[in-house]
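Colleague: The following file, my_file36.cif, comprises mmCIF, C-alpha atoms:
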```cif
data_final
loop_
_atom_site.label_atom_id
_atom_site.label_comp_id
_atom_site.auth_asym_id
_atom_site.auth_seq_id
_atom_site.Cartn_x
_atom_site.Cartn_y
_atom_site.Cartn_z
CA MET A 1 54.35 27.17 96.54
CA LYS A 2 57.95 28.26 96.98
CA GLU A 3 60.07 30.18 94.52
CA PHE A 4 63.29 32.11 94.08
CA LYS A 5 64.83 34.22 91.36
CA TYR A 6 68.28 33.63 89.96
CA THR A 7 70.31 35.48 87.36
CA ILE A 8 72.19 33.11 85.06
CA LYS A 9 75.92 33.77 85.28
CA ASP A 10 77.17 30.93 83.10
CA GLU A 11 78.40 32.21 79.76
CA LEU A 12 76.52 29.46 77.89
CA GLY A 13 73.21 29.46 79.75
CA ILE A 14 71.04 26.35 80.13
CA HIS A 15 72.32 24.14 77.31
CA ALA A 16 72.21 20.36 77.00
CA ARG A 17 74.51 19.40 79.86
CA PRO A 18 73.05 21.57 82.65
CA ALA A 19 69.54 20.75 81.41
CA GLY A 20 70.27 17.03 81.71
CA LEU A 21 71.75 17.41 85.17
CA LEU A 22 68.84 19.58 86.30
CA VAL A 23 66.27 17.02 85.15
CA LYS A 24 68.18 14.32 86.98
CA LEU A 25 68.19 16.44 90.14
CA VAL A 26 64.49 17.36 90.18
CA THR A 27 62.89 14.14 88.90
CA PRO A 28 62.89 12.41 92.32
CA PHE A 29 60.84 15.26 93.83
CA GLN A 30 57.07 14.91 93.86
CA SER A 31 56.49 18.64 93.53
CA LYS A 32 55.74 20.32 90.24
CA ILE A 33 58.88 22.28 89.40
CA THR A 34 59.13 25.01 86.80
CA VAL A 35 61.91 27.23 85.52
CA ASP A 36 60.40 30.43 84.19
CA THR A 37 62.50 32.71 82.00
CA GLY A 38 59.78 35.35 81.73
CA THR A 39 58.97 34.36 78.17
CA LYS A 40 58.60 30.61 78.70
CA ALA A 41 57.86 28.54 81.78
CA ALA A 42 59.52 25.14 81.42
CA ASP A 43 58.69 21.97 83.30
CA ALA A 44 62.05 21.29 84.96
CA LYS A 45 61.51 17.53 84.60
CA LYS A 46 61.52 17.81 80.79
CA ILE A 47 64.86 18.23 79.06
CA MET A 48 63.44 19.56 75.82
CA ALA A 49 61.34 22.18 77.59
CA LEU A 50 64.30 23.36 79.65
CA MET A 51 66.57 23.70 76.63
CA GLY A 52 63.83 25.47 74.74
CA ALA A 53 63.27 28.03 77.48
CA GLY A 54 66.24 29.98 76.16
CA ALA A 55 67.95 30.88 79.44
CA LYS A 56 71.17 32.69 78.59
CA LYS A 57 73.74 34.61 80.58
CA GLY A 58 71.93 37.48 82.28
CA THR A 59 68.47 35.88 82.04
CA VAL A 60 66.56 36.15 85.32
CA VAL A 61 64.84 32.85 85.92
CA THR A 62 62.16 32.20 88.50
CA CYS A 63 62.32 28.68 89.88
CA ARG A 64 59.10 27.41 91.43
CA ALA A 65 58.19 24.27 93.30
CA GLU A 66 54.71 23.32 94.31
CA GLY A 67 53.90 20.15 96.20
CA PRO A 68 54.59 18.14 99.33
CA ASP A 69 58.38 18.45 99.12
CA GLU A 70 58.59 21.99 97.74
CA ALA A 71 60.91 23.27 100.49
CA GLU A 72 63.48 20.54 99.86
CA ALA A 73 63.14 20.96 96.10
CA VAL A 74 63.80 24.70 96.26
CA THR A 75 66.85 24.18 98.48
CA ALA A 76 68.27 21.63 96.05
CA LEU A 77 67.50 23.84 93.05
CA LYS A 78 69.12 26.90 94.60
CA LYS A 79 72.29 24.95 95.29
CA PHE A 80 72.29 23.59 91.73
CA PHE A 81 71.90 27.00 90.12
CA GLU A 82 74.57 28.58 92.30
CA GLU A 83 77.04 25.82 91.57
CA ASN A 84 76.33 25.25 87.88
CA LEU A 85 74.74 28.29 86.33
CA MET B 1 46.79 -10.83 65.76
CA GLY B 2 44.31 -8.52 64.05
CA LEU B 3 45.19 -5.64 61.85
CA PHE B 4 44.36 -3.18 64.60
CA ASP B 5 46.78 -4.84 67.02
CA ALA B 6 49.50 -4.79 64.42
CA PHE B 7 48.89 -1.11 63.90
CA LYS B 8 48.81 -0.37 67.62
CA LYS B 9 52.12 -2.06 68.23
CA LYS B 10 53.87 -0.54 65.28
CA ASP B 11 57.36 0.61 66.19
CA ILE B 12 58.43 4.18 65.63
CA VAL B 13 61.34 4.52 63.24
CA ILE B 14 63.69 7.48 63.40
CA SER B 15 66.05 7.96 60.51
CA SER B 16 69.59 9.21 60.59
CA PRO B 17 69.94 13.01 60.45
CA MET B 18 73.45 12.75 59.02
CA LYS B 19 75.70 10.65 56.83
CA GLY B 20 78.38 8.83 58.75
CA ARG B 21 79.12 5.89 60.96
CA CYS B 22 76.81 5.12 63.86
CA VAL B 23 78.28 3.97 67.13
CA SER B 24 77.00 3.13 70.60
CA ILE B 25 76.03 6.18 72.67
CA LYS B 26 78.05 4.62 75.49
CA SER B 27 81.23 5.25 73.52
CA VAL B 28 80.68 9.04 73.73
CA SER B 29 83.27 10.50 76.09
CA ASP B 30 80.96 13.22 77.42
CA PRO B 31 79.03 11.59 80.31
CA THR B 32 75.98 13.78 79.57
CA PHE B 33 75.50 11.51 76.58
CA GLY B 34 77.61 8.43 77.39
CA ASP B 35 75.79 7.87 80.69
CA GLU B 36 72.45 8.50 78.96
CA ILE B 37 71.58 11.43 81.24
CA LEU B 38 69.66 13.03 78.37
CA GLY B 39 68.16 9.73 77.24
CA LYS B 40 68.92 6.68 75.14
CA GLY B 41 70.04 6.90 71.54
CA VAL B 42 73.05 6.44 69.32
CA ALA B 43 75.90 8.62 68.12
CA ILE B 44 77.03 9.35 64.59
CA VAL B 45 80.58 10.03 63.54
CA PRO B 46 79.60 12.31 60.66
CA GLU B 47 81.19 12.43 57.24
CA ASP B 48 79.06 15.31 56.10
CA GLY B 49 77.99 18.35 58.10
CA LYS B 50 74.44 18.56 56.84
CA VAL B 51 71.85 17.79 59.51
CA TYR B 52 68.44 16.74 58.19
CA ALA B 53 65.14 16.23 60.01
CA PRO B 54 65.10 12.55 61.01
CA ALA B 55 61.30 12.35 60.96
CA ASP B 56 58.24 14.49 60.30
CA GLY B 57 57.51 16.82 63.20
CA VAL B 58 58.10 20.23 64.70
CA ILE B 59 61.36 21.90 65.68
CA THR B 60 61.15 22.43 69.43
CA THR B 61 64.35 24.38 69.73
CA ILE B 62 67.36 25.22 67.63
CA PHE B 63 70.05 26.63 69.86
CA PRO B 64 71.06 30.11 68.67
CA THR B 65 74.58 28.70 68.45
CA GLY B 66 73.43 26.14 65.88
CA HIS B 67 75.24 23.29 67.60
CA ALA B 68 72.11 21.38 68.54
CA VAL B 69 68.50 20.97 67.57
CA GLY B 70 65.58 19.51 69.44
CA MET B 71 62.46 18.32 67.69
CA THR B 72 59.23 16.57 68.54
CA THR B 73 58.17 14.06 65.92
CA ASN B 74 54.55 13.59 64.91
CA ASP B 75 54.66 10.36 66.95
CA GLY B 76 55.63 12.36 70.05
CA VAL B 77 59.30 11.40 70.21
CA GLU B 78 61.44 14.21 71.64
CA LEU B 79 64.77 14.06 69.84
CA LEU B 80 67.94 15.96 70.47
CA ILE B 81 70.64 16.06 67.81
CA HIS B 82 73.81 17.49 69.31
CA VAL B 83 76.51 18.18 66.74
CA GLY B 84 79.87 17.55 68.38
CA LEU B 85 80.85 17.64 72.03
CA ASP B 86 81.16 20.89 74.00
CA THR B 87 80.45 22.70 70.73
CA VAL B 88 78.17 25.12 72.60
CA ALA B 89 81.46 26.88 73.38
CA LEU B 90 81.98 27.67 69.67
CA LYS B 91 79.11 30.15 69.98
CA GLY B 92 77.93 29.54 66.47
CA GLU B 93 81.32 29.41 64.72
CA GLY B 94 81.16 26.68 62.10
CA PHE B 95 77.38 26.32 62.18
CA ARG B 96 74.75 27.61 59.82
CA ILE B 97 71.16 27.45 61.04
CA ILE B 98 68.53 26.77 58.41
CA GLY B 99 65.47 25.70 60.42
CA LYS B 100 63.74 27.78 63.04
CA ASP B 101 61.85 27.21 66.29
CA GLU B 102 58.32 25.89 65.98
CA GLN B 103 58.78 25.21 62.27
CA LYS B 104 56.99 22.14 60.93
CA VAL B 105 59.43 19.88 59.14
CA LYS B 106 59.31 16.82 56.94
CA LYS B 107 61.84 14.01 57.17
CA GLY B 108 64.83 15.08 55.10
CA ASP B 109 64.44 18.85 55.52
CA LEU B 110 67.79 20.54 56.09
CA LEU B 111 68.04 21.96 59.65
CA ILE B 112 71.69 22.84 60.24
CA GLU B 113 74.87 22.87 58.21
CA ALA B 114 78.00 22.26 60.20
CA ASP B 115 81.49 22.88 58.88
CA LEU B 116 83.06 19.70 60.24
CA GLU B 117 86.62 20.62 59.26
CA LYS B 118 86.36 23.98 60.98
CA ILE B 119 84.93 22.40 64.14
CA LYS B 120 87.62 19.72 64.19
CA GLY B 121 90.23 22.39 63.51
CA ALA B 122 89.05 24.27 66.59
CA GLY B 123 89.81 21.14 68.59
CA TYR B 124 86.35 19.67 69.03
CA ASP B 125 85.10 16.13 68.57
CA VAL B 126 82.37 16.14 65.90
CA ILE B 127 80.65 12.97 67.14
CA THR B 128 76.93 13.68 67.08
CA PRO B 129 74.66 12.06 69.67
CA VAL B 130 71.03 11.57 68.64
CA VAL B 131 69.03 10.97 71.79
CA VAL B 132 65.42 10.44 72.78
CA CYS B 133 64.80 12.92 75.61
CA ASN B 134 61.50 11.30 76.62
CA THR B 135 63.08 7.85 76.84
CA ASP B 136 60.92 7.04 79.90
CA GLU B 137 57.80 6.97 77.75
CA TYR B 138 59.00 3.99 75.71
CA SER B 139 59.62 0.35 76.54
CA GLU B 140 62.62 -0.04 74.29
CA ILE B 141 64.88 2.08 72.12
CA LEU B 142 67.13 0.19 69.76
CA GLY B 143 69.80 1.90 67.72
CA HIS B 144 71.84 0.76 64.78
CA THR B 145 75.51 0.74 65.69
CA ASP B 146 78.80 -0.02 63.99
CA THR B 147 77.41 0.58 60.55
CA GLU B 148 77.61 3.26 57.88
CA VAL B 149 74.44 5.26 57.31
CA ASN B 150 73.25 7.84 54.88
CA ALA B 151 70.97 10.61 56.06
CA GLY B 152 67.47 9.13 55.90
CA ASP B 153 68.48 5.53 56.66
CA GLU B 154 66.89 3.88 59.69
CA LEU B 155 68.77 4.81 62.87
CA LEU B 156 66.49 4.15 65.84
CA ASN B 157 63.65 1.75 66.38
CA ILE B 158 61.42 2.73 69.28
CA LYS B 159 58.89 0.44 70.94
CA LYS B 160 55.95 2.00 72.76
#
```
Just give me the structure of the file as structure tokens.
Modeller:
Amino acid sequence: MKEFKYTIKDELGIHARPAGLLVKLVTPFQSKITVDTGTKAADAKKIMALMGAGAKKGTVVTCRAEGPDEAEAVTALKKFFEENL
Amino acid sequence: MGLFDAFKKKDIVISSPMKGRCVSIKSVSDPTFGDEILGKGVAIVPEDGKVYAPADGVITTIFPTGHAVGMTTNDGVELLIHVGLDTVALKGEGFRIIGKDEQKVKKGDLLIEADLEKIKGAGYDVITPVVVCNTDEYSEILGHTDTEVNAGDELLNIKK
């Protein structure tokens, strides 16, 4: 299992657009990927779960990947969060 | 075909959450919706700002800004109703939230009231995509397009 923490900087948090892009990014990975806001852990391959996790500006999220391609998944996720959120 | 088969293959019908004109999702200028990144569906050009539950189910999430609501119907369809484009940036201005997270709703329950004139006045497009977020779980999602609908009229027909 690999994980990293990230503090959301985007004013609007994880709303529909970033959630959609995130799902698109992580779906090809075999690993189980979660975005944990501390109150809710969302399956990053499910749009509704991601939007419902309530990640706002300032929320510290823990992104986890567990599976055969977890290293690649975490690298891709990190890049996505830094560029988009 | 026996009665059981007919029941098994019954399509899921999602009604329109708003009164307006329904158009193809592909005509939505925001690629998040137009390119179906969030799933298949249709868009409504609303004439009235009231957003009603389009089926019986549970509210998964109402954004604190009131610009969008996600619900899971009793049939398991994950629906997102997104009032206007980029309206997250309004931070709640022009939206009144009536429903709340995890609330059980019946088709026709009022969820959000949007002040369409105010939103348009702020420079936003009020077109409202209604999309099935778990599109992958269904074989076909057909939407009514280029027709006027009232809230509660059939909008989407989903085949398992």
Colleague: Do a neighbour search on Glu140 in chain B at 8 Å with all atoms listed in the file, toss out local chain neighbours closer than 4 positions, and write the hits as number ranges by chain.
Modeller: B: 158-160
Colleague: Compute the chain A side of the contact with chain B at 12 Å, counting all atoms listed in the file, and hand it back as a PyMOL selection string.
Modeller: chain A and resi 10-25+27+45-56
Colleague: Taking the file as I've supplied it (selection: the PyMOL selection byres ((chain A and resi 67) around 12)), which residues are included? Please answer as a PyMOL selection string.
Modeller: chain A and resi 1-3+29-34+64-66+68-74
Colleague: Expressed in Å to a single decimal, how great is the separation between CA of Asp115 in chain B and CA of Lys9 in chain A?
Modeller: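 Answer for the CA of Asp115 in chain B to CA of Lys9 in chain A separation: 29.1 Å.
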Colleague: For the point (68.7, 2.2, 65.5) in file coordinates, what residues are within 9 Å, counting all atoms listed in the file? Give the answer as an MDAnalysis selection string?
Modeller: chainID B and resid 13:16 22 41:42 141:145 154:158
Colleague: Written as a compact mmCIF listing (two decimals) with C-alpha atoms, in the frame of the given file, which residues does the PyMOL selection byres ((chain B and resi 119) around 10) give for the file shown?
Modeller:
```
# COMPACT_ATOMS: atom_id res chain seq x y z
CA VAL B 83 76.51 18.18 66.74
CA GLY B 84 79.87 17.55 68.38
CA THR B 87 80.45 22.70 70.73
CA LEU B 90 81.98 27.67 69.67
CA GLU B 93 81.32 29.41 64.72
CA GLY B 94 81.16 26.68 62.10
CA PHE B 95 77.38 26.32 62.18
CA ALA B 114 78.00 22.26 60.20
CA ASP B 115 81.49 22.88 58.88
CA LEU B 116 83.06 19.70 60.24
CA GLU B 117 86.62 20.62 59.26
CA LYS B 118 86.36 23.98 60.98
CA LYS B 120 87.62 19.72 64.19
CA GLY B 121 90.23 22.39 63.51
CA ALA B 122 89.05 24.27 66.59
CA GLY B 123 89.81 21.14 68.59
CA TYR B 124 86.35 19.67 69.03
CA ASP B 125 85.10 16.13 68.57
CA VAL B 126 82.37 16.14 65.90
```
Colleague: Rounded to one decimal place, report the CA of Ala53 in chain B-CA of Gly108 in chain B distance in Å.
Modeller: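 These two atoms are separated by 5.1 Å.
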Colleague: Could you write out as a list in words the residues that the PyMOL selection byres ((chain A and resi 4) around 6) matches in the shown file?
Modeller: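 Output of the PyMOL selection byres ((chain A and resi 4) around 6): Glu3, Lys5, Thr62 and Cys63 of chain A.
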Colleague: Create the file for the chosen residues now, containing C-alpha atoms and written as a compact mmCIF listing (two decimals), in the coordinates of the input.
Modeller:
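Writing done, so here's selection.txt:
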```
# COMPACT_ATOMS: atom_id res chain seq x y z
CA GLU A 3 60.07 30.18 94.52
CA LYS A 5 64.83 34.22 91.36
CA THR A 62 62.16 32.20 88.50
CA CYS A 63 62.32 28.68 89.88
```
Colleague: What gap, in Å, lies between CA of Val130 in chain B and CA of Arg96 in chain B?
Modeller: 18.7 Å
Colleague: May I have the protein, DNA and RNA residues with any atom at most 9 Å from the point (81.0, 3.2, 59.4), counting only C-alpha atoms, written as a VMD selection string?
Modeller: chain B and resid 20 to 23 44 to 45 145 to 149
Colleague: Create the file for the chosen residues now, containing C-alpha atoms and written as a PDB file, keeping the file's coordinate frame.
Modeller:
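Heads up, here's the output in result_30.pdb:
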```pdb
ATOM      1  CA  GLY B  20      78.380   8.830  58.750  1.00  0.00           C
ATOM      2  CA  ARG B  21      79.120   5.890  60.960  1.00  0.00           C
ATOM      3  CA  CYS B  22      76.810   5.120  63.860  1.00  0.00           C
ATOM      4  CA  VAL B  23      78.280   3.970  67.130  1.00  0.00           C
ATOM      5  CA  ILE B  44      77.030   9.350  64.590  1.00  0.00           C
ATOM      6  CA  VAL B  45      80.580  10.030  63.540  1.00  0.00           C
ATOM      7  CA  THR B 145      75.510   0.740  65.690  1.00  0.00           C
ATOM      8  CA  ASP B 146      78.800  -0.020  63.990  1.00  0.00           C
ATOM      9  CA  THR B 147      77.410   0.580  60.550  1.00  0.00           C
ATOM     10  CA  GLU B 148      77.610   3.260  57.880  1.00  0.00           C
ATOM     11  CA  VAL B 149      74.440   5.260  57.310  1.00  0.00           C
TER      12      VAL B 149
END
```
Colleague: Would you please work out which residue, of B:Ile81, B:Val105, B:Ser29, B:Ile112, is nearest to Gly66 in chain B when using only C-alpha atoms?
Modeller: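 Answer, going by the shortest atom-to-atom distance: B:Ile112.
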Colleague: Near range 50-52 of chain B, counting only C-alpha atoms, which residues have an atom at most 6 Å away, once you skip same-chain residues fewer than 6 positions from it, shown as an MDAnalysis selection string?
Modeller: chainID B and resid 17:18 108:113
Colleague: Excluding Asp75 in chain B and any residue of its chain fewer than 4 positions from it, enumerate the residues within 10 Å of it, using all atoms listed in the file, and give them as a list in words.
Modeller: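 The residues that qualify are Ile12, Val13, Ala55, Asp56 and Gly57 of chain B.
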